[in-house]
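Undergrad: The structure under discussion is supplied below as structure tokens; questions concerning it will follow.
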Amino acid sequence: MQYILQAIHPDPEPWLGTFGSEHPSLPQLKKIVEIAAKFLLYLLWFLSPSSRALLPPQEGFVKINTDAATNSEKNLAGLGAVIRDETGQVTAAAIKVSKFHGSIAYAEAEAMEWGLQVARDAQSYIVYLGAHSHGPNPTLADLDRAENYHHEFLGSIIGSRDEARELISSSYRRHINGFAADLEEEHAQQLANHPEVVSVFLNKPTKKLTTGAWNFLGLEKDNVIPSNSTWEKARFGEDVIIGGIDSGICPESESFSDEEMGPIPSKWRGTCQNDDHYGVECNRKLIGIRHYNKGLISAATKRNPAFDIPPKLKTGRDLDGHGTHTLSAAAGNFVQYVGAFCNHRYGTAKGGSPRARVASYKVCWYSEDDHNAAHGNDCMEQDTIEAFDDAIHDGVDIITVSLGYDNIADFLSDGVVIGAFHATMNGVLTVAASGNGGPEPQTINNMAPWMLTVGASTMDREFAGYITLGNNKRLRGASLSVDMPRKSYPLISGEDARMANATDKDASCKPGTLDRKKVQGRILVCLHEEKGYEAAKKGAVAMITGASGTFSASYGFLPVTKLKIKDFEAVLDYIKSTKDAKAFMTDAQTEFAIEPSPAVASFSSRGPNRIDPSIIKPDVIAPGVNIVAAYTSERGPTGYARDNRRFAFTAMDGTSMSTPIVAGIAGLIKTVHPDWSPAAIKSAIMTTARATDANNKPISEFNGKEATAFAYGSGHVDPNSALDPGLVYDLTLDDYLGYLCNRGYKEDVVKKFVVDPAKHPCPKSFELANFNYPSIAIPELAGSVTVTRKLKNVGTPGTYKAQVKEIPGISTDVEPGSLTFTHVNEEKTFKITFTLAQNAKPNATNDYVFGELIWSDGTHRVRSPIALKQKSK
């Protein structure tokens with residue numbers, strides 16, 4: 001019997017000759033494999049030193065088959081070479097990346113399909129040599145000399161100065177002495193032991209798994225904070241207090257460590273409400289914890305008079321994960337080496353105001369197992385209002401609240417809106433979620449003008465996983481799984497996996513419908529059951545799911561990849577087309593430069609405003625998809641009680657995630673401008689928001705269509721511009737009271753909102769169109785309408801000129817066309833008139849038309865969206 005190394009080639013020929021004899025000993029066989037693998041490594045090093053991967057031979061007795069390459073291998077021309085055992089199983093291989101594959105990742109995926117562990121022979125390291133001897137002001141000759149020394153130094157280790165020059169990707173020449181290079185582990189160890197070397201460490205991809213939002217929003221670039229970043233200018237939100245009204249807090253999270261924090265601000269009047277069972281502890285960062293359960297217990301007692309309050313309903317600790325995640329996104333510390341993919345630790349998590357203090361107000365309770373009383377995610381309004389009341393008293397500057405109530409027809413019948421109103425009256429801005437009812441219109445929550453209402457957008461980063469079907473079709477999906485099976489497995493659809501007595505409606509893998517014999521050892525393809533508990537229980541190795549809308553990933557009880565509907569249907573078609581359907585699934589990986597970005601998330605609630613269509617909602621959008629932030633230690637990533645995994649950080653989607661990001665930005669503005677009103681902070685964020693994406697094209701919907709102001713409000717937040725907006729649309733207590741009077745609330749009702757009613761009568765005349773909001777909406781335009789607004793200068797003196805984007809069928813006139821400001825806080829009034837074209841026909845479709853008003857002094861750009869609808873005849 002002859003033993004050879006078999007090439008993978010369209011015309012397979014033994015290309016490395018014959019080794020051994022007909023009856024080699026075990027040591028001889030192991031030596032054969034070792035020699036062959038090394039030969040391939042050196043060969044590939046020579047052919048392609050920058051793109052190769054070595055797959056080491058398995059331990060034990062290995063026989064090498066001389067059979068020709070399989071048909072599938074013939075299609076992988078130029079891949080490299082494999083070693084097989086006597087059954088034809090590939091046990092070792094070397095891979096050379098070619099144009100056919102396009103990347104190492106693709107080649108590795110093919111190798112993994114054979115069930116092989118992949119090990120690359122070189123990794124990127126940082127070699128740190130301390131400080132340079134040339135001093136703080138080096139000449140060009142000094143810089144060249146430093147770089148040449150790095151080449152010589154590494155060359156002395158690997159044996160070639162020229163090769164060292166190729167391997168070094170960065171040479172630190174000015175102050176830090178060192179370099180980054182692709183090194184084999186053996187050489188890295190030699191360098192680490194060298195007396196001139198301070199340290200050698202892996203070049204970790206630290207930028208990949210931050211929250212991602214802050215790099216995308218321009219506060220940092222590749223994990224480096226520019227000197228002109230709003231973070232630097234705003235001292236990272238130092239000593240602003242952000243209160244989160246949510247599901248509590250995990251106080252042990254590193255996001256809330258008080259290391260290097262100074263004394264608690266003297267204005268703080270809050271408390272740390274402990275409990276005997278779970279225990280919570282405050283510090284100089286997490287300065288307040290309160291919990292509210294009266295409304296929940298009252299409702300539970302009505303359902304069950306014998307209800308006994310369990311410890312889980314008497315704690316400020318976060319048993320749900322939502323509260324910890326949102327508050328850390330708003331104001332969490334810089335925490336290094338966190339990850340979204342299970343407990344794999346890569347990047348740095350950050351909150352919007354990372355040096356701010358935080359206070360947690362728990363009003364939401366999760367109790368999955370209490371079927372007789374309190375259960376689900378209950379956030380009772382009475383508890384919410386009490387939380388607002390305490391937060392205002394305690395001295396918070398910003399409140400972030402990711403709560404909302406559906407089907408609200410009146411502002412004063414919504415606990416969140418009421419609480420936010422009183423917060424505004426006391427100088428506290430409330431940043432609230434728009435809701436996750438999109439993409440349907442009129443699904444917006446938190447519609448009041450005294451709230452900053454936030455929708456959700458995508459970023460330029462996605463968590464992706466790839467699926468290669470047995471027909472070589474490769475599909476890109478969304479995934480957070482890093483424990484995918486390392487070989488191909490047979491596929492089965494939810495329809496085919498049903499038990500005999502299951503109905504057609506049970507084809508989506510619902511509990512109690514799957515047949516273990518059909519599912520076990522297979523990849524299950526189900527449309528909706530993305531958590532996969534039932535699939536895991538029945539022995540599936542992984543799941544493929546499908547979803548329309550925004551491309552986002554989620555955790556499951558087993559490895560899961562989510563496909564877009566078109567690709568999901570392609571998998572189903574493939575299953576139907578063959579008796580031997582199979583697939584190989586890769587681990588999740590972080591991918592950047594996704595286009596278009598930002599885009600409006602499919603789930604983000606849309607306007608128009610159901611209560612008052614003259615107020616455009618949402619106000620802005622911010623990143624809300626796959627946001628990585630802190631998580632509770634009390635719950636698994638799927639959210640189910642039966643999930644025993646625990647992650648310190650996790651990825652979540654929703655306007656709940658975009659809201660605290662904007663709250664963090666508001667905290668930065670409050671730090672720099674402590675005397676600004678909530679309306680001024682809100683205006684700064686709205687008027688500096690962008691209606692264009694990263695390629696300067698109009699922001700699009702999740703499906704690629706152009707979005708409108710009812711999807712993104714004033715636009716996508718731009719924190720670096722919001723700190724210096726130039727002008728703001730400010731509002732006072734009397735403005736809000738006048739608004740309520742105009743809305744039809746009686747004067748004796750409105751007066752109840754103020755301490756001294758005599759000083760705040762309802763105005764004798766108040767035009768709703770003249771309410772000084774940063775956006776403009778006229779839901780019933782007939783003939784001509786004139787709108788009045790007032791701008792306050794909060795920047796340098798200057799002259800601002802008006803520009804109105806052309807609105808179909810509408811003529812506009814701004815009077816005056818320019819405004820000159822000579823000092824800070826000076827206010828100027830202008831009017832803008834909208835007139836229907838003379839030949840305008842009745843709007844048969846009842847649609848809005850959109851435009852924008854921009855005031856600019858050449859430096860600042862103060863933008864307001866416009867939404868107009870012709871009055872029906």
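Following the order of the structure tokens, chains are lettered A, B, ..., residues in each are numbered from 1, and ligands are numbered from 1.
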Apply DSSP to the structure's backbone, then extract all residues of region 407-527 of chain A labelled alpha helix (DSSP H) and return them as a list of chain:residue names.

TA: A:Gly415, A:Val416, A:Val417, A:Ile418, A:Gly419, A:Ala420, A:Phe421, A:His422, A:Ala423, A:Thr424, A:Met425, A:Arg516, A:Lys517, A:Lys518, A:Val519

Undergrad: Excluding region 736-745 of chain A and its own-chain neighbours fewer than 5 positions away, which residues fall within 9 Å of it when counting only C-alpha atoms? Please give them as an MDAnalysis selection string.

TA: chainID A and resid 421 425 449:450 612 731 750:751 753 760:763 765:768 771

Undergrad: Please save N, CA and C atoms of the selected residues as a PDB file, in the first residue's frame.

TA:
```pdb
ATOM      1  N   PHE A 421     -43.455  65.829  31.949  1.00  0.00           N
ATOM      2  CA  PHE A 421     -43.877  67.229  32.006  1.00  0.00           C
ATOM      3  C   PHE A 421     -43.353  67.895  33.273  1.00  0.00           C
ATOM      4  N   MET A 425     -40.643  70.987  33.753  1.00  0.00           N
ATOM      5  CA  MET A 425     -40.956  72.191  34.526  1.00  0.00           C
ATOM      6  C   MET A 425     -39.897  72.472  35.590  1.00  0.00           C
ATOM      7  N   PRO A 449     -44.670  67.314  23.380  1.00  0.00           N
ATOM      8  CA  PRO A 449     -43.583  68.191  22.906  1.00  0.00           C
ATOM      9  C   PRO A 449     -42.512  68.470  23.955  1.00  0.00           C
ATOM     10  N   TRP A 450     -42.754  68.160  25.215  1.00  0.00           N
ATOM     11  CA  TRP A 450     -41.751  68.405  26.254  1.00  0.00           C
ATOM     12  C   TRP A 450     -40.821  67.206  26.464  1.00  0.00           C
ATOM     13  N   ASP A 612     -51.264  64.927  18.475  1.00  0.00           N
ATOM     14  CA  ASP A 612     -51.109  66.268  17.921  1.00  0.00           C
ATOM     15  C   ASP A 612     -50.227  66.198  16.683  1.00  0.00           C
ATOM     16  N   LEU A 731     -37.971  77.168  24.843  1.00  0.00           N
ATOM     17  CA  LEU A 731     -39.348  77.160  25.332  1.00  0.00           C
ATOM     18  C   LEU A 731     -39.326  77.351  26.842  1.00  0.00           C
ATOM     19  N   VAL A 750     -54.995  73.666  33.936  1.00  0.00           N
ATOM     20  CA  VAL A 750     -53.629  74.050  33.628  1.00  0.00           C
ATOM     21  C   VAL A 750     -52.954  74.690  34.832  1.00  0.00           C
ATOM     22  N   LYS A 751     -53.691  75.477  35.593  1.00  0.00           N
ATOM     23  CA  LYS A 751     -53.115  76.157  36.750  1.00  0.00           C
ATOM     24  C   LYS A 751     -52.641  75.184  37.819  1.00  0.00           C
ATOM     25  N   PHE A 753     -50.733  72.878  37.429  1.00  0.00           N
ATOM     26  CA  PHE A 753     -49.366  72.455  37.152  1.00  0.00           C
ATOM     27  C   PHE A 753     -48.320  73.386  37.768  1.00  0.00           C
ATOM     28  N   HIS A 760     -49.525  82.577  35.910  1.00  0.00           N
ATOM     29  CA  HIS A 760     -49.486  81.791  34.666  1.00  0.00           C
ATOM     30  C   HIS A 760     -50.894  81.558  34.114  1.00  0.00           C
ATOM     31  N   PRO A 761     -51.578  82.633  33.747  1.00  0.00           N
ATOM     32  CA  PRO A 761     -52.910  82.434  33.162  1.00  0.00           C
ATOM     33  C   PRO A 761     -52.804  81.913  31.741  1.00  0.00           C
ATOM     34  N   CYS A 762     -53.882  81.309  31.268  1.00  0.00           N
ATOM     35  CA  CYS A 762     -53.899  80.907  29.867  1.00  0.00           C
ATOM     36  C   CYS A 762     -53.841  82.155  28.989  1.00  0.00           C
ATOM     37  N   PRO A 763     -52.999  82.151  27.964  1.00  0.00           N
ATOM     38  CA  PRO A 763     -52.913  83.329  27.093  1.00  0.00           C
ATOM     39  C   PRO A 763     -54.230  83.563  26.358  1.00  0.00           C
ATOM     40  N   SER A 765     -54.568  84.722  23.417  1.00  0.00           N
ATOM     41  CA  SER A 765     -54.440  84.223  22.044  1.00  0.00           C
ATOM     42  C   SER A 765     -53.184  83.349  21.959  1.00  0.00           C
ATOM     43  N   PHE A 766     -53.332  82.204  21.355  1.00  0.00           N
ATOM     44  CA  PHE A 766     -52.204  81.277  21.213  1.00  0.00           C
ATOM     45  C   PHE A 766     -52.439  80.456  19.956  1.00  0.00           C
ATOM     46  N   GLU A 767     -51.575  80.652  18.977  1.00  0.00           N
ATOM     47  CA  GLU A 767     -51.668  79.902  17.737  1.00  0.00           C
ATOM     48  C   GLU A 767     -50.780  78.667  17.835  1.00  0.00           C
ATOM     49  N   LEU A 768     -51.368  77.505  17.659  1.00  0.00           N
ATOM     50  CA  LEU A 768     -50.603  76.260  17.771  1.00  0.00           C
ATOM     51  C   LEU A 768     -49.455  76.231  16.767  1.00  0.00           C
ATOM     52  N   PHE A 771     -46.178  77.660  18.124  1.00  0.00           N
ATOM     53  CA  PHE A 771     -45.476  77.028  19.243  1.00  0.00           C
ATOM     54  C   PHE A 771     -44.023  76.833  18.833  1.00  0.00           C
TER      55      PHE A 771
END
```

Undergrad: For Val454 (chain A), list every protein, DNA or RNA residue within 10 Å, evaluated using only C-alpha atoms, and leave out those in the same chain fewer than 5 positions away; present the list as a PyMOL selection string.

TA: chain A and resi 402+431-435+444-446+604-605+617-624+655-663+712-713+716-717

Undergrad: For a test of reading the model, state the distance in Å between CA of Ala497 (chain A) and CA of Ala478 (chain A), rounded to one decimal.

TA: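 One can read the CA of Ala497 (chain A) to CA of Ala478 (chain A) distance as 23.4 Å.
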
Undergrad: Restricting the calculation to only C-alpha atoms, which member of A:Arg635, A:Arg165, A:His422, A:Lys564 is positioned closest to Asp320 (chain A)?

TA: A:Arg635

Undergrad: Identify which of the residues A:Ala409, A:Val672, A:Ile699, A:Cys282 lies closest to Val240 (chain A), counting only C-alpha atoms when measuring atom-to-atom distances.

TA: A:Val672

Undergrad: Could you tell me how far CA of Val224 (chain A) lies from CA of Asn283 (chain A), in Å and to one decimal?

TA: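 These atoms are spaced 28.4 Å apart.
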
Undergrad: Would you give me, as a list of chain:residue names, the residues in region 242-304 of chain A that DSSP reads as strand (DSSP E or B)?

TA: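 Answer for region 242-304 of chain A restricted to strand (DSSP E or B) is A:Ile242, A:Gly243, A:Gly244, A:Ile245, A:Asp246, A:Ile249, A:Cys272, A:Leu286, A:Ile287, A:Gly288, A:Ile289, A:Arg290, A:His291.
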
Undergrad: Determine the nearest neighbour of Ser457 (chain A) from the options A:Asp587, A:Glu701, A:Glu220, A:Glu232, counting only C-alpha atoms.

TA: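 The answer is A:Glu701, which sits nearest to Ser457 (chain A).
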
Undergrad: Let me make sure I understand: among A:Glu259, A:Glu634, A:Asp414, A:Asp730, which one has the smallest atom-to-atom distance to Ile385 (chain A) if we use only C-alpha atoms?

TA: A:Asp414
